[in-house]
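> Enclosed is the structure file entry30.txt (compact mmCIF, C-alpha atoms and all ligand atoms).
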# COMPACT_ATOMS: atom_id res chain seq x y z
CA MET N 1335 -41.37 50.07 -31.07
CA ASP N 1336 -44.15 52.22 -32.43
CA ARG N 1337 -44.62 55.16 -30.11
CA THR N 1338 -47.15 56.92 -32.27
CA VAL N 1339 -49.91 58.57 -30.30
CA GLY N 1340 -53.37 58.30 -31.76
CA SER N 1341 -55.98 55.84 -32.90
CA ALA N 1342 -56.59 56.87 -36.51
CA MET N 1343 -54.47 54.00 -37.78
CA VAL N 1344 -56.15 51.56 -35.41
CA SER N 1345 -59.70 52.38 -36.45
CA GLY N 1346 -58.72 52.58 -40.13
CA VAL N 1347 -57.30 49.06 -40.01
CA ALA N 1348 -60.34 47.78 -38.14
CA VAL N 1349 -62.79 49.19 -40.66
CA GLY N 1350 -60.76 47.66 -43.48
CA ALA N 1351 -60.88 44.34 -41.68
CA TYR N 1352 -64.60 44.53 -41.21
CA LEU N 1353 -65.12 44.91 -44.93
CA SER N 1354 -62.40 42.62 -46.13
CA GLY N 1355 -63.86 39.14 -46.29
CA ILE N 1356 -64.93 35.96 -44.69
CA MET N 1357 -61.74 34.43 -43.29
CA ARG N 1358 -61.06 35.39 -39.69
CA ASP N 1359 -57.76 37.12 -40.30
CA ARG N 1360 -57.91 39.81 -37.67
CA ILE N 1361 -59.54 40.39 -34.37
CA HIS N 1362 -59.99 43.25 -31.93
CA VAL N 1363 -60.09 42.48 -28.21
CA GLN N 1364 -60.74 44.59 -25.12
CA ALA N 1365 -58.32 44.55 -22.17
CA PRO N 1366 -60.13 46.01 -19.14
CA ALA N 1367 -58.33 47.39 -16.09
CA LYS N 1368 -58.88 45.95 -12.62
CA LEU N 1369 -59.64 47.69 -9.37
CA ASN N 1370 -58.67 46.26 -5.99
CA LEU N 1371 -61.70 46.73 -3.78
CA ALA N 1372 -59.88 44.89 -1.01
CA LEU N 1373 -56.27 43.79 -0.82
CA SER N 1374 -54.70 41.98 2.10
CA VAL N 1375 -51.01 41.12 1.77
CA GLY N 1376 -48.85 38.77 3.84
CA ALA N 1377 -45.11 38.77 4.48
CA PRO N 1378 -43.16 37.07 1.68
CA GLY N 1379 -42.48 33.35 1.80
CA ALA N 1380 -39.09 31.71 1.31
CA ASP N 1381 -39.49 32.21 -2.45
CA GLY N 1382 -39.81 35.99 -1.91
CA MET N 1383 -43.42 35.97 -3.15
CA HIS N 1384 -46.19 37.72 -1.21
CA PRO N 1385 -49.38 35.79 -0.49
CA ILE N 1386 -52.52 37.84 -0.99
CA SER N 1387 -56.22 37.78 -0.54
CA GLY N 1388 -58.06 40.36 -2.57
CA TRP N 1389 -61.37 41.32 -3.99
CA MET N 1390 -60.86 42.43 -7.57
CA ALA N 1391 -63.23 43.67 -10.23
CA THR N 1392 -62.66 44.63 -13.84
CA VAL N 1393 -63.94 48.06 -14.84
CA ASP N 1394 -64.87 49.64 -18.13
CA LEU N 1395 -61.57 51.47 -18.70
CA HIS N 1396 -59.76 49.31 -21.24
CA ASP N 1397 -56.87 49.02 -23.65
CA ASP N 1398 -57.60 47.81 -27.19
CA LEU N 1399 -55.67 44.96 -28.78
CA GLU N 1400 -55.79 44.27 -32.50
CA LEU N 1401 -54.29 41.11 -33.95
CA VAL N 1402 -53.75 40.50 -37.66
CA ARG N 1403 -52.79 36.98 -38.68
CA LEU N 1404 -49.52 36.72 -40.64
CA PRO N 1405 -48.47 33.80 -42.86
CA THR N 1406 -47.08 30.84 -40.89
CA GLY N 1407 -43.42 31.31 -40.04
CA TYR N 1408 -43.40 35.11 -40.35
CA PRO N 1409 -41.84 36.85 -37.34
CA SER N 1410 -44.50 38.47 -35.16
CA ARG N 1411 -44.57 42.26 -34.90
CA TYR N 1412 -45.81 44.43 -32.04
CA ALA N 1413 -46.76 48.09 -31.78
CA ILE N 1414 -47.69 49.70 -28.46
CA ILE N 1415 -49.25 53.14 -28.74
CA TRP N 1416 -51.40 55.45 -26.64
CA HIS N 1417 -55.03 55.64 -27.65
CA GLU N 1418 -56.07 59.17 -28.49
CA GLU N 1419 -58.52 59.00 -25.56
CA ALA N 1420 -55.77 58.10 -23.07
CA ARG N 1421 -55.87 60.50 -20.12
CA ARG N 1422 -52.45 59.80 -18.64
CA PRO N 1423 -50.01 58.86 -21.44
CA SER N 1424 -46.37 58.37 -20.48
CA ASP N 1425 -43.24 57.07 -22.19
CA ILE N 1426 -43.57 53.56 -23.57
CA ASP N 1427 -40.04 52.82 -22.46
CA TRP N 1428 -39.94 49.06 -21.99
CA SER N 1429 -38.53 46.73 -24.64
CA ILE N 1430 -40.73 44.33 -26.59
CA SER N 1431 -38.93 41.44 -24.88
CA ARG N 1432 -40.34 42.76 -21.54
CA ASP N 1433 -43.81 43.55 -22.81
CA LEU N 1434 -46.29 41.36 -20.95
CA ALA N 1435 -48.55 40.86 -23.97
CA ALA N 1436 -45.58 39.76 -26.12
CA ARG N 1437 -44.43 37.44 -23.31
CA ALA N 1438 -47.92 35.95 -23.04
CA HIS N 1439 -47.89 35.37 -26.80
CA GLN N 1440 -44.58 33.51 -26.52
CA ALA N 1441 -45.77 31.50 -23.50
CA LEU N 1442 -48.81 30.36 -25.49
CA GLU N 1443 -46.65 29.39 -28.48
CA ARG N 1444 -44.43 27.34 -26.18
CA ARG N 1445 -47.43 25.65 -24.59
CA ILE N 1446 -48.94 24.53 -27.89
CA GLY N 1447 -45.57 23.85 -29.55
CA ARG N 1448 -46.00 25.99 -32.67
CA GLY N 1449 -45.69 29.57 -33.82
CA LEU N 1450 -48.71 31.88 -34.02
CA SER N 1451 -47.51 34.67 -36.31
CA VAL N 1452 -49.34 37.94 -35.83
CA GLN N 1453 -49.03 41.66 -36.14
CA ALA N 1454 -50.24 43.03 -32.81
CA LYS N 1455 -51.22 46.58 -32.01
CA ILE N 1456 -52.08 47.67 -28.46
CA ALA N 1457 -53.76 51.05 -28.08
CA LYS N 1458 -53.43 51.87 -24.40
CA ARG N 1459 -55.78 53.90 -22.23
CA ILE N 1460 -54.80 52.34 -18.89
CA PRO N 1461 -51.99 54.37 -17.26
CA VAL N 1462 -48.65 52.62 -16.78
CA GLY N 1463 -47.54 51.98 -13.22
CA GLY N 1464 -51.00 52.93 -12.05
CA GLY N 1465 -51.96 49.85 -10.04
CA LEU N 1466 -54.72 49.08 -12.53
CA GLY N 1467 -52.99 46.03 -14.00
CA GLY N 1468 -52.68 47.49 -17.51
CA GLY N 1469 -49.81 45.30 -18.69
CA SER N 1470 -51.44 42.18 -17.27
CA ALA N 1471 -54.73 43.14 -18.94
CA ASP N 1472 -52.95 43.39 -22.30
CA ALA N 1473 -51.42 39.94 -21.74
CA ALA N 1474 -54.80 38.43 -20.87
CA ALA N 1475 -56.36 39.98 -23.97
CA MET N 1476 -53.49 38.64 -26.08
CA LEU N 1477 -54.20 35.09 -24.90
CA HIS N 1478 -57.93 35.41 -25.59
CA GLY N 1479 -57.33 37.01 -28.98
CA LEU N 1480 -54.86 34.35 -30.16
CA ASN N 1481 -57.10 31.58 -28.86
CA ARG N 1482 -59.94 32.94 -30.95
CA LEU N 1483 -57.95 33.96 -34.04
CA PHE N 1484 -56.28 30.57 -34.38
CA ASP N 1485 -59.27 28.53 -33.14
CA LEU N 1486 -57.15 26.92 -30.44
CA GLY N 1487 -60.13 25.92 -28.31
CA LEU N 1488 -58.40 26.59 -24.97
CA SER N 1489 -60.61 27.22 -21.94
CA PRO N 1490 -60.23 30.32 -19.72
CA ASP N 1491 -58.75 28.05 -17.03
CA GLU N 1492 -56.11 26.80 -19.47
CA LEU N 1493 -55.31 30.37 -20.55
CA ALA N 1494 -55.05 31.42 -16.88
CA ASP N 1495 -52.64 28.55 -16.24
CA ILE N 1496 -50.40 29.69 -19.11
CA ALA N 1497 -50.57 33.27 -17.85
CA ALA N 1498 -49.93 32.64 -14.15
CA PRO N 1499 -46.09 32.69 -14.25
CA LEU N 1500 -46.20 36.19 -15.79
CA GLY N 1501 -47.77 37.94 -12.81
CA SER N 1502 -50.13 37.62 -9.89
CA ASP N 1503 -52.89 39.73 -11.51
CA LEU N 1504 -52.93 37.65 -14.65
CA PRO N 1505 -55.10 34.65 -13.73
CA PHE N 1506 -57.80 37.01 -12.49
CA LEU N 1507 -57.55 39.24 -15.56
CA VAL N 1508 -57.92 36.25 -17.87
CA HIS N 1509 -61.30 35.63 -16.25
CA GLY N 1510 -62.34 39.20 -15.42
CA GLY N 1511 -65.60 40.07 -13.69
CA SER N 1512 -65.50 40.09 -9.92
CA ALA N 1513 -63.64 37.57 -7.77
CA ILE N 1514 -61.81 36.82 -4.56
CA VAL N 1515 -58.21 36.19 -5.55
CA SER N 1516 -55.84 34.38 -3.22
CA GLY N 1517 -52.60 32.42 -2.94
CA LEU N 1518 -50.12 34.08 -5.28
CA GLY N 1519 -53.00 35.20 -7.48
CA GLU N 1520 -53.71 31.78 -8.92
CA ARG N 1521 -56.78 30.93 -6.81
CA ILE N 1522 -59.88 32.60 -8.21
CA GLU N 1523 -63.32 32.42 -6.64
CA HIS N 1524 -65.85 34.05 -8.94
CA LEU N 1525 -68.44 36.38 -7.45
CA PRO N 1526 -71.54 37.93 -8.97
CA GLU N 1527 -70.49 41.20 -10.57
CA PRO N 1528 -71.12 44.18 -8.29
CA ALA N 1529 -73.64 45.76 -10.64
CA ALA N 1530 -73.88 48.79 -8.39
CA LEU N 1531 -70.17 49.55 -8.44
CA HIS N 1532 -69.62 53.10 -9.63
CA ALA N 1533 -66.16 54.43 -8.96
CA VAL N 1534 -64.07 57.42 -9.98
CA LEU N 1535 -60.45 56.75 -10.91
CA ILE N 1536 -58.09 59.64 -10.22
CA LEU N 1537 -54.83 59.49 -12.15
CA PRO N 1538 -51.93 61.43 -10.59
CA ALA N 1539 -48.80 62.05 -12.65
CA ILE N 1540 -46.91 59.60 -10.44
CA SER N 1541 -45.68 56.15 -11.42
CA CYS N 1542 -45.57 53.58 -8.61
CA PRO N 1543 -43.58 50.58 -9.83
CA THR N 1544 -44.86 47.53 -7.97
CA GLY N 1545 -41.49 46.17 -6.75
CA PRO N 1546 -40.42 49.15 -4.62
CA VAL N 1547 -43.92 49.40 -3.08
CA TYR N 1548 -43.75 45.78 -1.96
CA GLY N 1549 -40.22 46.45 -0.65
CA ARG N 1550 -41.48 49.32 1.48
CA PHE N 1551 -44.40 47.19 2.64
CA ASP N 1552 -41.90 44.58 3.88
CA ASP N 1553 -40.04 47.29 5.84
CA LEU N 1554 -43.22 48.66 7.37
CA ARG N 1555 -44.97 45.38 8.12
CA PRO N 1556 -42.45 42.53 8.38
CA ASP N 1557 -44.95 40.29 10.20
CA ALA N 1558 -47.93 40.95 7.94
CA ARG N 1559 -50.51 38.21 7.67
CA VAL N 1560 -53.22 37.76 5.08
CA ASP N 1561 -56.65 38.55 6.48
CA ALA N 1562 -58.88 36.48 4.20
CA VAL N 1563 -61.89 36.85 6.51
CA ARG N 1564 -61.84 40.63 6.22
CA VAL N 1565 -61.73 40.39 2.43
CA ARG N 1566 -64.54 37.85 2.30
CA THR N 1567 -66.74 39.85 4.69
CA LEU N 1568 -66.28 42.98 2.65
CA ALA N 1569 -67.02 41.20 -0.65
CA ALA N 1570 -70.17 39.71 0.87
CA SER N 1571 -71.45 43.13 1.93
CA GLY N 1572 -70.80 44.72 -1.49
CA PRO N 1573 -68.97 47.93 -2.33
CA ASN N 1574 -69.76 51.15 -0.49
CA PRO N 1575 -67.74 54.37 -0.28
CA ASP N 1576 -66.08 53.47 3.05
CA SER N 1577 -65.36 49.79 2.63
CA PRO N 1578 -62.35 49.35 0.32
CA PHE N 1579 -59.04 48.66 2.04
CA ASN N 1580 -55.58 48.04 0.70
CA ASP N 1581 -52.58 46.86 2.70
CA LEU N 1582 -50.24 48.40 0.10
CA ALA N 1583 -51.71 51.90 0.44
CA GLU N 1584 -49.50 52.89 3.37
CA ALA N 1585 -46.35 51.70 1.60
CA ALA N 1586 -47.25 53.48 -1.67
CA CYS N 1587 -47.97 56.72 0.22
CA ASP N 1588 -44.82 56.37 2.34
CA LEU N 1589 -42.73 55.94 -0.79
CA HIS N 1590 -44.49 58.80 -2.60
CA PRO N 1591 -45.38 61.51 -0.05
CA GLU N 1592 -46.95 63.58 -2.85
CA LEU N 1593 -49.50 60.76 -3.27
CA ALA N 1594 -50.29 60.90 0.45
CA ASP N 1595 -50.75 64.69 0.24
CA LEU N 1596 -53.02 64.40 -2.77
CA ARG N 1597 -55.07 61.68 -1.11
CA ALA N 1598 -55.59 63.87 1.96
CA SER N 1599 -56.55 66.93 -0.13
CA LEU N 1600 -59.02 64.90 -2.20
CA THR N 1601 -60.61 63.45 0.93
CA ASP N 1602 -61.10 66.98 2.28
CA ALA N 1603 -62.46 68.25 -1.01
CA VAL N 1604 -65.05 65.54 -1.71
CA GLY N 1605 -65.84 64.40 1.83
CA LEU N 1606 -65.40 60.73 0.94
CA PRO N 1607 -62.61 58.26 1.66
CA ILE N 1608 -60.06 58.08 -1.16
CA HIS N 1609 -58.55 54.65 -1.77
CA VAL N 1610 -55.40 53.39 -3.51
CA SER N 1611 -55.68 50.71 -6.20
CA GLY N 1612 -53.07 47.94 -6.00
CA SER N 1613 -49.60 49.37 -5.58
CA GLY N 1614 -50.77 52.83 -6.72
CA SER N 1615 -50.62 55.42 -8.04
CA THR N 1616 -54.27 55.40 -9.09
CA LEU N 1617 -56.56 56.74 -6.38
CA PHE N 1618 -60.27 56.02 -6.43
CA LEU N 1619 -63.51 56.63 -4.65
CA VAL N 1620 -66.68 54.60 -4.68
CA ALA N 1621 -69.73 56.67 -5.59
CA GLU N 1622 -73.30 55.91 -4.62
CA ASP N 1623 -74.56 55.96 -8.19
CA GLU N 1624 -73.57 56.89 -11.72
CA LEU N 1625 -74.80 60.48 -11.48
CA THR N 1626 -72.84 61.13 -8.28
CA GLY N 1627 -69.75 59.52 -9.81
CA GLY N 1628 -69.95 61.81 -12.85
CA LEU N 1629 -70.36 64.92 -10.71
CA LEU N 1630 -67.51 63.98 -8.41
CA ALA N 1631 -65.25 63.33 -11.40
CA GLU N 1632 -66.05 66.79 -12.80
CA THR N 1633 -65.40 68.41 -9.44
CA ILE N 1634 -62.04 66.69 -9.05
CA GLU N 1635 -60.97 67.51 -12.62
CA SER N 1636 -61.73 71.18 -12.21
CA ARG N 1637 -60.37 71.64 -8.69
CA PHE N 1638 -57.27 69.49 -8.97
CA ASP N 1639 -56.48 69.65 -12.68
CA LEU N 1640 -56.16 65.86 -12.74
CA PRO N 1641 -57.79 63.22 -14.94
CA ALA N 1642 -60.75 61.74 -13.02
CA ILE N 1643 -62.63 59.00 -14.87
CA PRO N 1644 -66.01 57.65 -13.83
CA VAL N 1645 -66.08 53.85 -14.28
CA ARG N 1646 -68.36 51.00 -13.40
CA ALA N 1647 -67.89 47.28 -12.96
CA SER N 1648 -67.18 45.88 -16.38
CA GLY N 1649 -70.68 45.99 -17.81
CA GLY N 1650 -69.23 47.71 -20.86
CA ALA N 1651 -65.87 45.96 -21.20
CA ARG N 1652 -65.19 42.28 -20.64
CA VAL N 1653 -61.82 40.63 -20.77
CA GLY N 1654 -61.28 39.06 -24.14
CA GLU N 1655 -64.52 40.35 -25.59
CA ILE N 1656 -64.28 40.60 -29.34
CA ILE N 1657 -65.39 44.06 -30.33
CA ARG N 1658 -64.63 43.86 -34.07
CA GLY N 1659 -63.36 41.03 -36.20
CA THR N 1660 -63.77 39.07 -39.35
CA GLY N 1661 -65.45 35.70 -39.53
CA ASP N 1662 -66.49 35.58 -35.86
P1 LIG N 1701 -50.13 46.40 -11.25
O1 LIG N 1701 -51.49 46.75 -10.82
O2 LIG N 1701 -50.00 44.99 -11.72
O3 LIG N 1701 -49.07 46.83 -10.31
P2 LIG N 1701 -49.50 48.62 -12.89
O4 LIG N 1701 -50.68 49.26 -13.54
O5 LIG N 1701 -48.93 49.31 -11.71
O6 LIG N 1701 -49.88 47.14 -12.60
P3 LIG N 1701 -48.53 48.11 -15.43
O7 LIG N 1701 -48.99 49.33 -16.13
O8 LIG N 1701 -49.28 46.85 -15.63
O9 LIG N 1701 -48.40 48.45 -13.89
O10 LIG N 1701 -47.03 47.79 -15.78
C1 LIG N 1701 -45.97 48.49 -15.24
C2 LIG N 1701 -44.67 48.08 -15.94
O11 LIG N 1701 -44.83 46.85 -16.63
C3 LIG N 1701 -44.29 49.08 -17.02
O12 LIG N 1701 -43.51 50.11 -16.48
C4 LIG N 1701 -43.53 48.26 -18.00
O13 LIG N 1701 -42.16 48.21 -17.67
C5 LIG N 1701 -44.07 46.86 -17.84
N1 LIG N 1701 -44.96 46.46 -18.95
C6 LIG N 1701 -44.77 45.37 -19.71
N2 LIG N 1701 -45.73 45.27 -20.64
C7 LIG N 1701 -46.58 46.29 -20.48
C8 LIG N 1701 -47.77 46.72 -21.16
N3 LIG N 1701 -48.28 46.05 -22.21
N4 LIG N 1701 -48.40 47.81 -20.69
C9 LIG N 1701 -47.89 48.49 -19.63
N5 LIG N 1701 -46.76 48.17 -18.98
C10 LIG N 1701 -46.10 47.06 -19.38
Could you take the file, read its structure, and then write that structure out as structure tokens?

Amino acid sequence: MDRTVGSAMVSGVAVGAYLSGIMRDRIHVQAPAKLNLALSVGAPGADGMHPISGWMATVDLHDDLELVRLPTGYPSRYAIIWHEEARRPSDIDWSISRDLAARAHQALERRIGRGLSVQAKIAKRIPVGGGLGGGSADAAAMLHGLNRLFDLGLSPDELADIAAPLGSDLPFLVHGGSAIVSGLGERIEHLPEPAALHAVLILPAISCPTGPVYGRFDDLRPDARVDAVRVRTLAASGPNPDSPFNDLAEAACDLHPELADLRASLTDAVGLPIHVSGSGSTLFLVAEDELTGGLLAETIESRFDLPAIPVRASGGARVGEIIRGTGD
């Protein structure tokens, strides 16, 4: 696996592609992160899966995926690197066979019954194990990119159906935008994008793998029930600094006391509630407007020596949006 850090190679390839001709032989796709503005989780069913109801929105922090078409029958190749702008790079220590984007590629090939040979390069900005759905975002972008590169003509619903077995965030991330997500993640109810959502993502140097957080949640709340009404009410009223809630926050903080301490210190420092995204470790606050978000991010960076990134609902980055390509 390519562990090179940096984007020089990525942008060099893309410029070459832009100039290189008429055939669509490469494509460049954005993979935006998601934020859980509300997350209610129930006790697991007999299959061990947790039902959820959540309000999710994609934000304009994104990974970049580049796909170059290879001759039919060539083995596909993958490189996962950190983008030079990445604020919280960590070891890329999972095998290609476990990479969600590679698995989505294979699931699509199985579904259509033929190979789709590509060279794929993912330049990551979204922290790993951060509760921002980075791996799932890469997988969603892979499906959109292949669909476009090979003119497969699959609808977002069909792509979401292919993606669903790979993870509960995936159907939502195939669609992006803002939605109430329920069931095991497969039921998506689209909402108007919260245009006014300005948030600050705070990225501690803590990885919160999803499995152990759910395990701790089961210990803490064995009789948990999904509160869909609470999620719906909150989504209807729109985001404000106090409103986000997350049933996994307590479990993530219980498992990682340093995250709980940081959350408390940040709350004291900025005078606003600090929320946990997904299973952590990303913390976030909702700011009243863009200016306030920028100032709060600067304050947090300087006082806590932590990456703090102002983001907004995905006005600038949409799932599967083609940002450079040939023959589009
Ligand atoms: P979630 O919000 O779904 O819990 P997360 O941000 O906590 O997501 P991810 O970064 O999506 O977690 O993925 C965590 C793990 O998934 C990694 O440690 C790695 O083992 C595996 N993984 C597989 N493919 C990828 C990928 N393309 N990017 C990041 N992680 C991946």
> Could you state the separation of atom O3 of ligand LIG 1701 (chain N) and CA of Gly1467 (chain N) in Å, given to one decimal place?
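These two atoms are separated by 5.4 Å.
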> Within 10 Å of ligand LIG 1701 (chain N), which residues show up when you count all atoms listed in the file? List them as a compact mmCIF listing (two decimals) with C-alpha atoms, in the frame of the given file, please.

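Result went into selection-v5.txt, see below:
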# COMPACT_ATOMS: atom_id res chain seq x y z
CA ALA N 1367 -58.33 47.39 -16.09
CA LYS N 1368 -58.88 45.95 -12.62
CA LEU N 1369 -59.64 47.69 -9.37
CA ASN N 1370 -58.67 46.26 -5.99
CA ASP N 1397 -56.87 49.02 -23.65
CA LEU N 1399 -55.67 44.96 -28.78
CA ALA N 1413 -46.76 48.09 -31.78
CA ILE N 1414 -47.69 49.70 -28.46
CA ILE N 1415 -49.25 53.14 -28.74
CA SER N 1424 -46.37 58.37 -20.48
CA ASP N 1425 -43.24 57.07 -22.19
CA ILE N 1426 -43.57 53.56 -23.57
CA ASP N 1427 -40.04 52.82 -22.46
CA TRP N 1428 -39.94 49.06 -21.99
CA SER N 1429 -38.53 46.73 -24.64
CA ILE N 1430 -40.73 44.33 -26.59
CA SER N 1431 -38.93 41.44 -24.88
CA ARG N 1432 -40.34 42.76 -21.54
CA ASP N 1433 -43.81 43.55 -22.81
CA LEU N 1434 -46.29 41.36 -20.95
CA ALA N 1435 -48.55 40.86 -23.97
CA ALA N 1436 -45.58 39.76 -26.12
CA ARG N 1437 -44.43 37.44 -23.31
CA ALA N 1438 -47.92 35.95 -23.04
CA ILE N 1456 -52.08 47.67 -28.46
CA ALA N 1457 -53.76 51.05 -28.08
CA LYS N 1458 -53.43 51.87 -24.40
CA ARG N 1459 -55.78 53.90 -22.23
CA ILE N 1460 -54.80 52.34 -18.89
CA PRO N 1461 -51.99 54.37 -17.26
CA VAL N 1462 -48.65 52.62 -16.78
CA GLY N 1463 -47.54 51.98 -13.22
CA GLY N 1464 -51.00 52.93 -12.05
CA GLY N 1465 -51.96 49.85 -10.04
CA LEU N 1466 -54.72 49.08 -12.53
CA GLY N 1467 -52.99 46.03 -14.00
CA GLY N 1468 -52.68 47.49 -17.51
CA GLY N 1469 -49.81 45.30 -18.69
CA SER N 1470 -51.44 42.18 -17.27
CA ALA N 1471 -54.73 43.14 -18.94
CA ASP N 1472 -52.95 43.39 -22.30
CA ALA N 1473 -51.42 39.94 -21.74
CA MET N 1476 -53.49 38.64 -26.08
CA GLY N 1501 -47.77 37.94 -12.81
CA SER N 1502 -50.13 37.62 -9.89
CA ASP N 1503 -52.89 39.73 -11.51
CA LEU N 1504 -52.93 37.65 -14.65
CA SER N 1541 -45.68 56.15 -11.42
CA CYS N 1542 -45.57 53.58 -8.61
CA PRO N 1543 -43.58 50.58 -9.83
CA THR N 1544 -44.86 47.53 -7.97
CA GLY N 1545 -41.49 46.17 -6.75
CA VAL N 1547 -43.92 49.40 -3.08
CA TYR N 1548 -43.75 45.78 -1.96
CA SER N 1611 -55.68 50.71 -6.20
CA GLY N 1612 -53.07 47.94 -6.00
CA SER N 1613 -49.60 49.37 -5.58
CA GLY N 1614 -50.77 52.83 -6.72
CA SER N 1615 -50.62 55.42 -8.04
CA THR N 1616 -54.27 55.40 -9.09
> Which residue out of N:Ser1374, N:Gln1364, N:Asn1580, N:Thr1392 has the minimum interatomic distance to Phe1506 (chain N) when only C-alpha atoms are used?
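Among N:Ser1374, N:Gln1364, N:Asn1580, N:Thr1392, it is N:Thr1392 that comes nearest to Phe1506 (chain N).
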> Counting all atoms listed in the file, which of N:Leu1593, N:Ile1446, N:Ile1361, N:Ala1420 gets nearest to Gly1487 (chain N)?
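Under the stated criterion, the closest residue is N:Ile1446.
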> Can you measure CA of Ala1533 (chain N) to CA of Arg1566 (chain N) for me? One decimal in Å is fine.
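Computing the Euclidean distance for CA of Ala1533 (chain N) and CA of Arg1566 (chain N) yields 20.1 Å.
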> Quick one, how far is CA of Ser1516 (chain N) from CA of Ile1386 (chain N)?
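Taking CA of Ser1516 (chain N) as the start and CA of Ile1386 (chain N) as the end point, the length is 5.3 Å.
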> Find the spatial neighbours of Arg1421 (chain N), counting only C-alpha atoms, within a cut-off of 12 Å - ignore same-chain residues fewer than 3 positions away - and output them as a PDB file with C-alpha atoms, keeping the file's coordinate frame.

ATOM      1  CA  VAL N1339     -49.910  58.570 -30.300  1.00  0.00           C
ATOM      2  CA  LEU N1395     -61.570  51.470 -18.700  1.00  0.00           C
ATOM      3  CA  HIS N1396     -59.760  49.310 -21.240  1.00  0.00           C
ATOM      4  CA  TRP N1416     -51.400  55.450 -26.640  1.00  0.00           C
ATOM      5  CA  HIS N1417     -55.030  55.640 -27.650  1.00  0.00           C
ATOM      6  CA  GLU N1418     -56.070  59.170 -28.490  1.00  0.00           C
ATOM      7  CA  SER N1424     -46.370  58.370 -20.480  1.00  0.00           C
ATOM      8  CA  LYS N1458     -53.430  51.870 -24.400  1.00  0.00           C
ATOM      9  CA  ARG N1459     -55.780  53.900 -22.230  1.00  0.00           C
ATOM     10  CA  ILE N1460     -54.800  52.340 -18.890  1.00  0.00           C
ATOM     11  CA  PRO N1461     -51.990  54.370 -17.260  1.00  0.00           C
ATOM     12  CA  VAL N1462     -48.650  52.620 -16.780  1.00  0.00           C
ATOM     13  CA  LEU N1535     -60.450  56.750 -10.910  1.00  0.00           C
ATOM     14  CA  ILE N1536     -58.090  59.640 -10.220  1.00  0.00           C
ATOM     15  CA  LEU N1537     -54.830  59.490 -12.150  1.00  0.00           C
ATOM     16  CA  PRO N1538     -51.930  61.430 -10.590  1.00  0.00           C
ATOM     17  CA  ALA N1539     -48.800  62.050 -12.650  1.00  0.00           C
ATOM     18  CA  GLU N1635     -60.970  67.510 -12.620  1.00  0.00           C
ATOM     19  CA  ASP N1639     -56.480  69.650 -12.680  1.00  0.00           C
ATOM     20  CA  LEU N1640     -56.160  65.860 -12.740  1.00  0.00           C
ATOM     21  CA  PRO N1641     -57.790  63.220 -14.940  1.00  0.00           C
ATOM     22  CA  ALA N1642     -60.750  61.740 -13.020  1.00  0.00           C
ATOM     23  CA  ILE N1643     -62.630  59.000 -14.870  1.00  0.00           C
TER      24      ILE N1643
END
> Which residue is closest to Leu1404 (chain N)? Choose from N:Pro1378, N:Gly1449, N:Pro1644, N:Pro1423 and count only C-alpha atoms.
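Under the stated criterion, the closest residue is N:Gly1449.
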> Which residues come within 10 Å of His1384 (chain N), counting all atoms listed in the file, excluding same-chain residues fewer than 3 positions away, as an mmCIF file with C-alpha atoms, in the frame of the given file?

data_model
loop_
_atom_site.group_PDB
_atom_site.id
_atom_site.type_symbol
_atom_site.label_atom_id
_atom_site.label_comp_id
_atom_site.auth_asym_id
_atom_site.auth_seq_id
_atom_site.Cartn_x
_atom_site.Cartn_y
_atom_site.Cartn_z
ATOM 1 C CA VAL N 1375 -51.010 41.120 1.770
ATOM 2 C CA GLY N 1376 -48.850 38.770 3.840
ATOM 3 C CA ALA N 1377 -45.110 38.770 4.480
ATOM 4 C CA PRO N 1378 -43.160 37.070 1.680
ATOM 5 C CA GLY N 1379 -42.480 33.350 1.800
ATOM 6 C CA ALA N 1380 -39.090 31.710 1.310
ATOM 7 C CA ASP N 1381 -39.490 32.210 -2.450
ATOM 8 C CA SER N 1502 -50.130 37.620 -9.890
ATOM 9 C CA GLY N 1517 -52.600 32.420 -2.940
ATOM 10 C CA LEU N 1518 -50.120 34.080 -5.280
ATOM 11 C CA GLY N 1519 -53.000 35.200 -7.480
ATOM 12 C CA TYR N 1548 -43.750 45.780 -1.960
ATOM 13 C CA ASP N 1552 -41.900 44.580 3.880
ATOM 14 C CA ALA N 1558 -47.930 40.950 7.940
ATOM 15 C CA ARG N 1559 -50.510 38.210 7.670
ATOM 16 C CA VAL N 1560 -53.220 37.760 5.080
#
> Find the residue from N:Glu1520, N:Leu1371, N:Val1452, N:Pro1573 that sits nearest to Pro1499 (chain N); use only C-alpha atoms when measuring.
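Checking each candidate against Pro1499 (chain N), we get N:Glu1520 as the closest.
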> How big is the axis-aligned box around all listed atoms of region 1469-1481 of chain N once 6 Å goes on each side, and where's its centre, in Å to one decimal, as AutoDock Vina command-line options?

--center_x -53.9 --center_y 38.4 --center_z -23.7 --size_x 20.1 --size_y 25.7 --size_z 24.9
> May I have the protein, DNA and RNA residues with any atom at most 9 Å from the point (-51.0, 54.7, 2.4), counting all atoms listed in the file, written as a ChimeraX atom specification?
/N:1580-1589,1593-1594,1597,1609-1610
